[in-house]
file model_13.cif (mmCIF, C-alpha atoms)
data_input
#
loop_
_atom_site.label_atom_id
_atom_site.label_comp_id
_atom_site.auth_asym_id
_atom_site.auth_seq_id
_atom_site.Cartn_x
_atom_site.Cartn_y
_atom_site.Cartn_z
CA MET A 46 18.22 -0.58 -8.26
CA TYR A 47 15.26 0.58 -6.15
CA GLN A 48 15.14 4.36 -5.87
CA LEU A 49 12.96 6.93 -4.16
CA LYS A 50 13.31 10.52 -5.31
CA HIS A 51 10.06 12.14 -4.23
CA VAL A 52 7.53 10.75 -1.73
CA LEU A 53 4.15 12.09 -0.63
CA ALA A 54 2.94 11.86 2.97
CA ILE A 55 -0.83 12.25 3.39
CA VAL A 56 -2.04 13.91 6.58
CA ASP A 57 -5.67 13.66 7.64
CA PHE A 58 -6.35 16.17 10.42
CA ARG A 59 -9.55 14.29 11.27
CA GLN A 60 -7.30 11.62 12.81
CA HIS A 61 -5.39 12.05 16.05
CA ARG A 62 -2.26 10.10 15.06
CA HIS A 63 -0.17 10.79 11.97
CA TYR A 64 2.01 7.80 11.12
CA ALA A 65 2.65 8.55 7.44
CA LEU A 66 4.76 11.66 8.04
CA PRO A 67 7.36 10.19 10.46
CA ARG A 68 7.70 7.14 8.21
CA ALA A 69 8.25 9.40 5.19
CA ILE A 70 10.96 11.22 7.12
CA GLU A 71 12.56 7.88 8.03
CA LEU A 72 12.58 6.80 4.37
CA ALA A 73 13.91 10.18 3.23
CA LYS A 74 16.90 9.77 5.52
CA GLN A 75 17.54 6.28 4.12
CA PHE A 76 17.04 7.06 0.41
CA ASP A 77 17.96 10.78 0.36
CA CYS A 78 14.64 11.73 -1.23
CA GLU A 79 12.37 14.77 -1.23
CA ILE A 80 9.11 14.88 0.77
CA THR A 81 5.82 16.62 0.07
CA VAL A 82 3.33 16.66 2.94
CA THR A 83 -0.28 17.20 1.95
CA ALA A 84 -3.68 17.61 3.56
CA ASN A 85 -7.11 18.54 2.28
CA THR A 86 -9.26 21.46 3.34
CA TYR A 87 -12.55 22.94 2.18
CA GLU A 88 -15.03 25.38 3.66
CA SER A 89 -18.38 23.77 2.83
CA PHE A 90 -20.41 26.82 3.90
CA LEU A 91 -19.23 28.60 0.75
CA SER A 92 -21.56 26.38 -1.28
CA PHE A 93 -24.54 28.13 0.33
CA ILE A 94 -23.30 31.68 -0.25
CA PRO A 95 -24.00 33.19 -3.69
CA THR A 96 -20.93 34.37 -5.57
CA SER A 97 -22.74 37.67 -6.11
CA SER A 98 -22.72 38.38 -2.37
CA ALA A 99 -20.29 40.75 -0.68
CA ILE A 100 -18.34 37.81 0.78
CA ASP A 101 -15.07 37.23 -1.06
CA HIS A 102 -14.95 33.48 -1.80
CA GLN A 103 -11.37 33.58 -3.04
CA GLN A 104 -10.15 35.41 0.06
CA ILE A 105 -11.73 32.76 2.29
CA LYS A 106 -10.12 30.03 0.18
CA ARG A 107 -6.69 31.70 0.38
CA GLU A 108 -6.93 32.13 4.15
CA ALA A 109 -8.13 28.54 4.68
CA ILE A 110 -5.25 27.18 2.60
CA ALA A 111 -2.71 29.38 4.40
CA LEU A 112 -4.02 28.23 7.78
CA ASN A 113 -3.85 24.57 6.75
CA ASN A 114 -0.32 24.98 5.38
CA GLN A 115 0.72 26.42 8.74
CA ARG A 116 -0.82 23.40 10.51
CA LEU A 117 1.23 21.14 8.23
CA ARG A 118 4.45 23.07 8.92
CA ASP A 119 3.78 22.92 12.67
CA LEU A 120 3.26 19.16 12.43
CA VAL A 121 6.47 18.71 10.43
CA ASP A 122 8.40 20.65 13.07
CA THR A 123 7.41 18.12 15.74
CA PHE A 124 9.76 15.63 14.05
CA ASP A 125 13.51 15.66 13.44
CA HIS A 126 13.83 16.65 9.77
CA GLU A 127 17.16 18.45 9.74
CA GLY A 128 18.79 18.41 6.31
CA LEU A 129 15.67 17.13 4.52
CA SER A 130 13.76 18.86 1.73
CA ILE A 131 10.11 19.00 2.85
CA HIS A 132 7.30 20.91 1.11
CA CYS A 133 3.78 21.50 2.42
CA LYS A 134 0.83 21.44 0.03
CA THR A 135 -2.84 21.96 0.87
CA ILE A 136 -5.43 20.55 -1.51
CA TRP A 137 -8.70 22.47 -1.84
CA SER A 138 -11.42 19.92 -2.63
CA LYS A 139 -14.94 19.03 -1.53
CA SER A 140 -13.96 15.35 -1.67
CA PHE A 141 -10.92 14.14 0.28
CA HIS A 142 -10.18 11.19 -2.01
CA SER A 143 -10.96 13.00 -5.28
CA GLY A 144 -8.59 15.86 -4.54
CA LEU A 145 -5.86 13.46 -3.46
CA THR A 146 -6.29 11.24 -6.51
CA GLU A 147 -6.06 14.15 -8.93
CA TYR A 148 -2.98 15.57 -7.19
CA ILE A 149 -1.18 12.20 -6.98
CA ASN A 150 -1.79 11.36 -10.62
CA GLU A 151 -0.69 14.80 -11.77
CA TYR A 152 2.69 14.78 -10.03
CA GLY A 153 3.68 11.10 -10.27
CA PHE A 154 5.25 10.50 -6.85
CA ASP A 155 7.52 7.48 -6.43
CA LEU A 156 5.69 6.52 -3.25
CA VAL A 157 2.60 7.71 -1.39
CA LEU A 158 2.33 7.11 2.36
CA LYS A 159 -0.97 7.10 4.22
CA SER A 160 -1.91 6.14 7.76
CA SER A 161 -4.20 3.11 7.75
CA HIS A 162 -7.19 2.37 9.94
CA GLY A 163 -9.92 -0.26 10.00
CA HIS A 164 -13.33 0.01 8.35
CA ASN A 165 -16.48 -1.59 9.70
CA ILE A 166 -18.58 -3.90 7.53
CA ILE A 167 -21.34 -1.31 6.95
CA LYS A 168 -18.87 1.19 5.53
CA LYS A 169 -17.41 -1.48 3.27
CA ILE A 170 -20.82 -2.13 1.73
CA LEU A 171 -22.30 1.37 1.57
CA PHE A 172 -19.21 3.52 1.10
CA THR A 173 -15.85 3.04 -0.56
CA PRO A 174 -13.11 4.12 1.91
CA THR A 175 -10.40 6.55 0.85
CA ASP A 176 -7.86 3.71 1.00
CA TRP A 177 -9.80 1.78 -1.63
CA HIS A 178 -10.10 4.83 -3.88
CA LEU A 179 -6.34 5.36 -3.75
CA LEU A 180 -5.74 1.71 -4.62
CA ARG A 181 -8.16 1.81 -7.55
CA ASP A 182 -7.73 5.28 -9.00
CA THR A 183 -4.11 6.35 -8.57
CA LYS A 184 -1.02 5.28 -10.50
CA ALA A 185 1.30 5.51 -7.50
CA ASN A 186 2.74 2.86 -5.18
CA ILE A 187 1.06 3.28 -1.78
CA LEU A 188 2.39 2.41 1.67
CA PHE A 189 -0.31 2.07 4.32
CA VAL A 190 1.39 2.80 7.65
CA ASN A 191 0.08 1.81 11.09
CA LYS A 192 3.00 2.72 13.32
CA GLY A 193 5.36 5.69 13.65
CA ASN A 194 8.78 4.05 13.46
CA TRP A 195 9.91 0.96 11.61
CA PRO A 196 11.06 -1.79 14.03
CA LYS A 197 14.61 -3.00 13.46
CA GLU A 198 15.42 -6.65 12.72
CA SER A 199 11.87 -7.34 11.59
CA SER A 200 10.53 -9.25 8.58
CA ILE A 201 9.24 -8.05 5.20
CA ILE A 202 7.39 -10.39 2.84
CA GLY A 203 6.79 -9.78 -0.86
CA ALA A 204 3.82 -11.72 -2.26
CA ILE A 205 4.10 -12.65 -5.94
CA ASN A 206 1.92 -14.41 -8.52
CA ILE A 207 3.77 -16.75 -10.88
CA GLU A 208 1.36 -16.42 -13.80
CA ASP A 209 3.18 -16.47 -17.15
CA ASP A 210 1.72 -13.27 -18.58
CA GLN A 211 4.01 -10.28 -19.06
CA GLN A 212 2.08 -8.04 -16.68
CA HIS A 213 2.58 -10.38 -13.73
CA GLN A 214 6.24 -10.94 -14.61
CA ALA A 215 6.96 -7.21 -14.55
CA LEU A 216 5.00 -6.78 -11.32
CA ASN A 217 6.84 -9.68 -9.67
CA GLU A 218 10.17 -8.05 -10.46
CA LYS A 219 9.05 -4.76 -8.89
CA ILE A 220 7.76 -6.52 -5.79
CA ILE A 221 10.97 -8.50 -5.26
CA LYS A 222 13.28 -5.53 -5.84
CA THR A 223 11.22 -3.34 -3.51
CA THR A 224 11.07 -5.99 -0.78
CA VAL A 225 14.84 -6.54 -0.85
CA ALA A 226 15.68 -2.82 -0.99
CA LEU A 227 13.43 -1.91 1.93
CA ALA A 228 14.78 -4.81 3.98
CA GLU A 229 18.35 -3.68 3.33
CA SER A 230 17.55 -0.08 4.25
CA CYS A 231 16.00 -0.93 7.62
CA SER A 232 18.00 -4.02 8.67
CA SER A 233 15.12 -6.45 8.09
CA LYS A 234 14.72 -9.93 6.61
CA ALA A 235 13.32 -10.11 3.06
CA SER A 236 11.25 -13.16 2.09
CA VAL A 237 9.06 -13.95 -0.92
CA LEU A 238 5.65 -15.62 -0.64
CA ASN A 239 3.63 -17.48 -3.26
CA VAL A 240 0.16 -18.86 -2.57
CA PHE A 241 -1.00 -21.67 -4.86
CA PRO A 242 -4.55 -23.07 -5.05
CA TRP A 243 -5.31 -26.73 -4.43
CA PRO A 244 -6.44 -28.25 -7.77
CA MET A 245 -10.13 -29.10 -8.03
CA ILE A 246 -9.81 -32.87 -8.44
CA GLN A 247 -12.58 -35.31 -7.56
CA LEU A 248 -10.30 -37.44 -5.42
CA ASN A 249 -13.07 -39.85 -4.43
CA LYS A 250 -13.78 -40.59 -8.07
CA PHE A 251 -10.17 -40.79 -9.20
CA LYS A 252 -8.45 -41.82 -5.95
CA TYR A 253 -6.93 -44.85 -7.60
CA LEU A 254 -4.91 -42.46 -9.83
CA PHE A 255 -3.64 -40.08 -7.15
CA ASP A 256 -1.91 -40.15 -3.84
CA LYS A 257 -3.19 -36.96 -2.22
CA GLU A 258 -0.05 -36.30 -0.16
CA ASP A 259 2.29 -36.99 -3.08
CA LEU A 260 0.22 -34.75 -5.36
CA PHE A 261 0.35 -31.88 -2.85
CA LEU A 262 4.11 -32.18 -2.40
CA SER A 263 4.62 -32.37 -6.16
CA ILE A 264 2.61 -29.19 -6.80
CA LYS A 265 4.28 -27.38 -3.92
CA SER A 266 7.75 -28.38 -5.14
CA LYS A 267 6.96 -27.15 -8.65
CA HIS A 268 5.83 -23.75 -7.34
CA GLU A 269 8.87 -23.50 -5.10
CA ASP A 270 11.21 -24.15 -8.04
CA GLN A 271 9.42 -21.54 -10.16
CA VAL A 272 9.50 -18.90 -7.42
CA LYS A 273 13.19 -19.49 -6.67
CA LYS A 274 13.97 -19.14 -10.39
CA ILE A 275 12.11 -15.82 -10.52
CA VAL A 276 13.77 -14.51 -7.36
CA ASP A 277 17.28 -15.57 -8.41
CA GLY A 278 16.88 -13.64 -11.64
CA VAL A 279 16.05 -10.42 -9.78
CA ALA A 280 17.76 -10.15 -6.38
CA ASN A 281 19.38 -11.95 -3.46
CA LEU A 282 17.13 -12.68 -0.49
CA ASN A 283 18.42 -12.63 3.07
CA GLY A 284 15.21 -14.42 4.07
CA LYS A 285 13.47 -17.38 2.46
CA VAL A 286 10.96 -18.47 -0.17
CA ILE A 287 7.58 -19.36 1.37
CA ILE A 288 5.12 -21.55 -0.54
CA ALA A 289 1.61 -21.83 0.91
CA GLU A 290 -1.54 -23.59 -0.30
CA GLY A 291 -4.81 -21.68 -0.24
CA LEU A 292 -7.86 -21.12 -2.42
CA GLU A 293 -8.31 -17.50 -1.28
CA PRO A 294 -5.21 -15.26 -1.04
CA GLU A 295 -7.11 -12.82 1.20
CA GLU A 296 -7.43 -15.62 3.78
CA THR A 297 -4.04 -17.30 3.39
CA ILE A 298 -1.77 -14.25 3.17
CA PRO A 299 -2.93 -12.65 6.46
CA GLU A 300 -2.44 -16.01 8.20
CA ILE A 301 1.13 -16.24 6.87
CA MET A 302 1.92 -12.66 7.89
CA LYS A 303 0.66 -13.35 11.40
CA SER A 304 2.38 -16.71 11.82
CA THR A 305 5.74 -15.33 10.64
CA LYS A 306 5.31 -12.14 12.72
CA SER A 307 6.13 -10.06 9.65
CA GLU A 308 5.73 -6.28 9.84
CA LEU A 309 5.25 -5.39 6.18
CA LEU A 310 3.59 -7.02 3.17
CA VAL A 311 4.64 -5.90 -0.31
CA MET A 312 2.02 -6.90 -2.87
CA GLY A 313 0.95 -6.05 -6.39
CA THR A 314 -2.43 -4.60 -7.28
CA VAL A 315 -4.39 -4.04 -10.46
CA GLY A 316 -7.39 -1.77 -9.89
CA ARG A 317 -10.95 -2.87 -10.64
CA LYS A 318 -13.61 -0.20 -11.13
CA GLY A 319 -17.33 -0.01 -11.58
CA ILE A 320 -19.99 -2.29 -10.11
CA ASP A 321 -17.59 -5.22 -9.55
CA ALA A 322 -15.32 -3.07 -7.40
CA ALA A 323 -18.24 -1.63 -5.43
CA MET A 324 -19.76 -5.05 -4.69
CA ILE A 325 -16.77 -7.32 -4.05
CA GLY A 326 -13.69 -5.11 -3.97
CA ASN A 327 -10.27 -6.05 -5.31
CA THR A 328 -8.17 -8.85 -3.82
CA ALA A 329 -5.67 -6.26 -2.60
CA GLU A 330 -8.45 -4.37 -0.81
CA ARG A 331 -9.80 -7.49 0.88
CA ILE A 332 -6.29 -8.43 2.02
CA LEU A 333 -5.70 -4.91 3.33
CA ASP A 334 -8.73 -5.05 5.61
CA LYS A 335 -7.67 -8.38 7.17
CA LEU A 336 -4.06 -7.52 7.94
CA GLU A 337 -2.65 -6.19 11.18
CA CYS A 338 0.71 -5.39 9.58
CA GLU A 339 1.65 -2.60 7.17
CA VAL A 340 1.06 -2.92 3.44
CA LEU A 341 2.91 -1.56 0.42
CA ALA A 342 0.79 -1.82 -2.74
CA ILE A 343 2.88 -1.87 -5.93
CA LYS A 344 1.24 -0.81 -9.22
#
call {"tool": "encode", "arguments": {"input": "model_13.cif", "output": "structure tokens"}}
result
Amino acid sequence: MYQLKHVLAIVDFRQHRHYALPRAIELAKQFDCEITVTANTYESFLSFIPTSSAIDHQQIKREAIALNNQRLRDLVDTFDHEGLSIHCKTIWSKSFHSGLTEYINEYGFDLVLKSSHGHNIIKKILFTPTDWHLLRDTKANILFVNKGNWPKESSIIGAINIEDDQQHQALNEKIIKTTVALAESCSSKASVLNVFPWPMIQLNKFKYLFDKEDLFLSIKSKHEDQVKKIVDGVANLNGKVIIAEGLEPEETIPEIMKSTKSELLVMGTVGRKGIDAAMIGNTAERILDKLECEVLAIK
């Protein structure tokens, strides 16, 4: 049974629209869960003032945090939250993503919600966006939200990988359960997607052994049978199983989401760090930047 007991809504006051908070409130009403709303603040000028000066650093910090907490409470009050348990927490950190990461990992929220926005190609190469840091460095499931309210009678797709290893099996189960539970809670259709790569066969050399169309249908049928077996062992779909061929998931999955007019993609992610992550990013990150829909990343 999919449960949410405590969710975190991230507010970034540098942005004009705050989609994560109203969506957290919507989920709290559906799952009867607790909400913490957080934002970061830091007075950078304190770094240039010696601690030996007459200026009280701690007093400035206390006042800045109190002011930011009041901004959070005022924002919460713009939404209907009657009967919900909502707490406001200001993080004091020089780095927006570092403070968030430390706080998220310390308290172990069931779900973190953050408003999403695009990143240009220069930022992708030179800087790692906060979204990428949260995907790589936190242990929490993260919902990237791009609209205030969830549309009724929409479509949710859970993307799974049918590798035989235990890690993927456990992740597939989480993805399917989450997809079905969210669809049930917001009157949506739940479908499961699997993308399989076309085998690297030298058809010109061995064309007398293969019928290309028959080979494709055979591989597709095998994947469909495997996916249906996995799904049937976990939950009942009110949507369908979708099998798509593609060498690069970050290209195929966005195309499927667009063609099916689906509003939310539920996908698994395993963080990659270091030079590899800085240069090429994770598959989940590359998918995130090509989607127009919302994304829930399951750890």
call {"tool": "closest_residue", "arguments": {"input": "model_13.cif", "among": "A:Lys222, A:Lys303, A:Lys159, A:His132", "to": "Asn191 in chain A", "atoms": "all atoms listed in the file"}}
result
A:Lys159
call {"tool": "atom_distance", "arguments": {"input": "model_13.cif", "atom1": "CA of Cys78 in chain A", "atom2": "CA of Leu53 in chain A"}}
result
10.5 Å
call {"tool": "residues_around", "arguments": {"input": "model_13.cif", "residues": "Ser130 in chain A", "least_positions_apart": "2", "cutoff": "9 Å", "atoms": "all atoms listed in the file", "output": "MDAnalysis selection string"}}
result
chainID A and resid 73 78:81 126:128 132
call {"tool": "write_last_selection", "arguments": {"input": "model_13.cif", "atoms": "C-alpha atoms", "output": "CSV table (one decimal), in the coordinates of the input"}}
result
chain,number,residue,atom,x,y,z
A,73,ALA,CA,13.9,10.2,3.2
A,78,CYS,CA,14.6,11.7,-1.2
A,79,GLU,CA,12.4,14.8,-1.2
A,80,ILE,CA,9.1,14.9,0.8
A,81,THR,CA,5.8,16.6,0.1
A,126,HIS,CA,13.8,16.6,9.8
A,127,GLU,CA,17.2,18.4,9.7
A,128,GLY,CA,18.8,18.4,6.3
A,132,HIS,CA,7.3,20.9,1.1
call {"tool": "atom_distance", "arguments": {"input": "model_13.cif", "atom1": "CA of His61 in chain A", "atom2": "CA of Asp119 in chain A"}}
result
14.6 Å
call {"tool": "atom_distance", "arguments": {"input": "model_13.cif", "atom1": "CA of Gly313 in chain A", "atom2": "CA of Asp277 in chain A"}}
result
19.0 Å
call {"tool": "closest_residue", "arguments": {"input": "model_13.cif", "among": "A:Val52, A:Leu112, A:Pro299, A:Cys231", "to": "Tyr152 in chain A", "atoms": "all atoms listed in the file"}}
result
A:Val52
call {"tool": "resolve_selection", "arguments": {"input": "model_13.cif", "expression": "the PyMOL selection byres ((chain A and resi 241) around 10)", "output": "PDB file with C-alpha atoms, in the coordinates of the input"}}
result
ATOM      1  CA  ASN A 206       1.920 -14.410  -8.520  1.00  0.00           C
ATOM      2  CA  ILE A 207       3.770 -16.750 -10.880  1.00  0.00           C
ATOM      3  CA  LEU A 238       5.650 -15.620  -0.640  1.00  0.00           C
ATOM      4  CA  ASN A 239       3.630 -17.480  -3.260  1.00  0.00           C
ATOM      5  CA  VAL A 240       0.160 -18.860  -2.570  1.00  0.00           C
ATOM      6  CA  PRO A 242      -4.550 -23.070  -5.050  1.00  0.00           C
ATOM      7  CA  TRP A 243      -5.310 -26.730  -4.430  1.00  0.00           C
ATOM      8  CA  PRO A 244      -6.440 -28.250  -7.770  1.00  0.00           C
ATOM      9  CA  ILE A 264       2.610 -29.190  -6.800  1.00  0.00           C
ATOM     10  CA  LYS A 265       4.280 -27.380  -3.920  1.00  0.00           C
ATOM     11  CA  HIS A 268       5.830 -23.750  -7.340  1.00  0.00           C
ATOM     12  CA  ILE A 288       5.120 -21.550  -0.540  1.00  0.00           C
ATOM     13  CA  ALA A 289       1.610 -21.830   0.910  1.00  0.00           C
ATOM     14  CA  GLU A 290      -1.540 -23.590  -0.300  1.00  0.00           C
ATOM     15  CA  GLY A 291      -4.810 -21.680  -0.240  1.00  0.00           C
ATOM     16  CA  LEU A 292      -7.860 -21.120  -2.420  1.00  0.00           C
ATOM     17  CA  GLU A 293      -8.310 -17.500  -1.280  1.00  0.00           C
ATOM     18  CA  PRO A 294      -5.210 -15.260  -1.040  1.00  0.00           C
ATOM     19  CA  THR A 297      -4.040 -17.300   3.390  1.00  0.00           C
TER      20      THR A 297
END
call {"tool": "residues_near_point", "arguments": {"input": "model_13.cif", "point": "(10.4, -13.8, -3.7)", "cutoff": "8 Å", "atoms": "all atoms listed in the file", "output": "PyMOL selection string"}}
result
chain A and resi 202-205+221+236-239+272-273+275-276+282+285-286
call {"tool": "closest_residue", "arguments": {"input": "model_13.cif", "among": "A:Trp195, A:Ile298, A:Ile201, A:Thr146", "to": "Asp182 in chain A", "atoms": "only C-alpha atoms"}}
result
A:Thr146
call {"tool": "closest_residue", "arguments": {"input": "model_13.cif", "among": "A:Arg68, A:Lys197, A:Met302, A:Lys274", "to": "Asp125 in chain A", "atoms": "only C-alpha atoms"}}
result
A:Arg68
call {"tool": "closest_residue", "arguments": {"input": "model_13.cif", "among": "A:Glu147, A:Ala84, A:Lys139, A:Phe90", "to": "Arg116 in chain A", "atoms": "only C-alpha atoms"}}
result
A:Ala84
call {"tool": "closest_residue", "arguments": {"input": "model_13.cif", "among": "A:Gln60, A:Met312, A:Ile131, A:Gln115", "to": "Lys74 in chain A", "atoms": "only C-alpha atoms"}}
result
A:Ile131
call {"tool": "resolve_selection", "arguments": {"input": "model_13.cif", "expression": "the PyMOL selection byres ((chain A and resi 76) around 9)", "output": "count of residues only"}}
result
11
call {"tool": "resolve_selection", "arguments": {"input": "model_13.cif", "expression": "the PyMOL selection byres ((chain A and resi 158) around 7)", "output": "ChimeraX atom specification"}}
result
/A:53-55,65,69,156-157,159-160,187-190
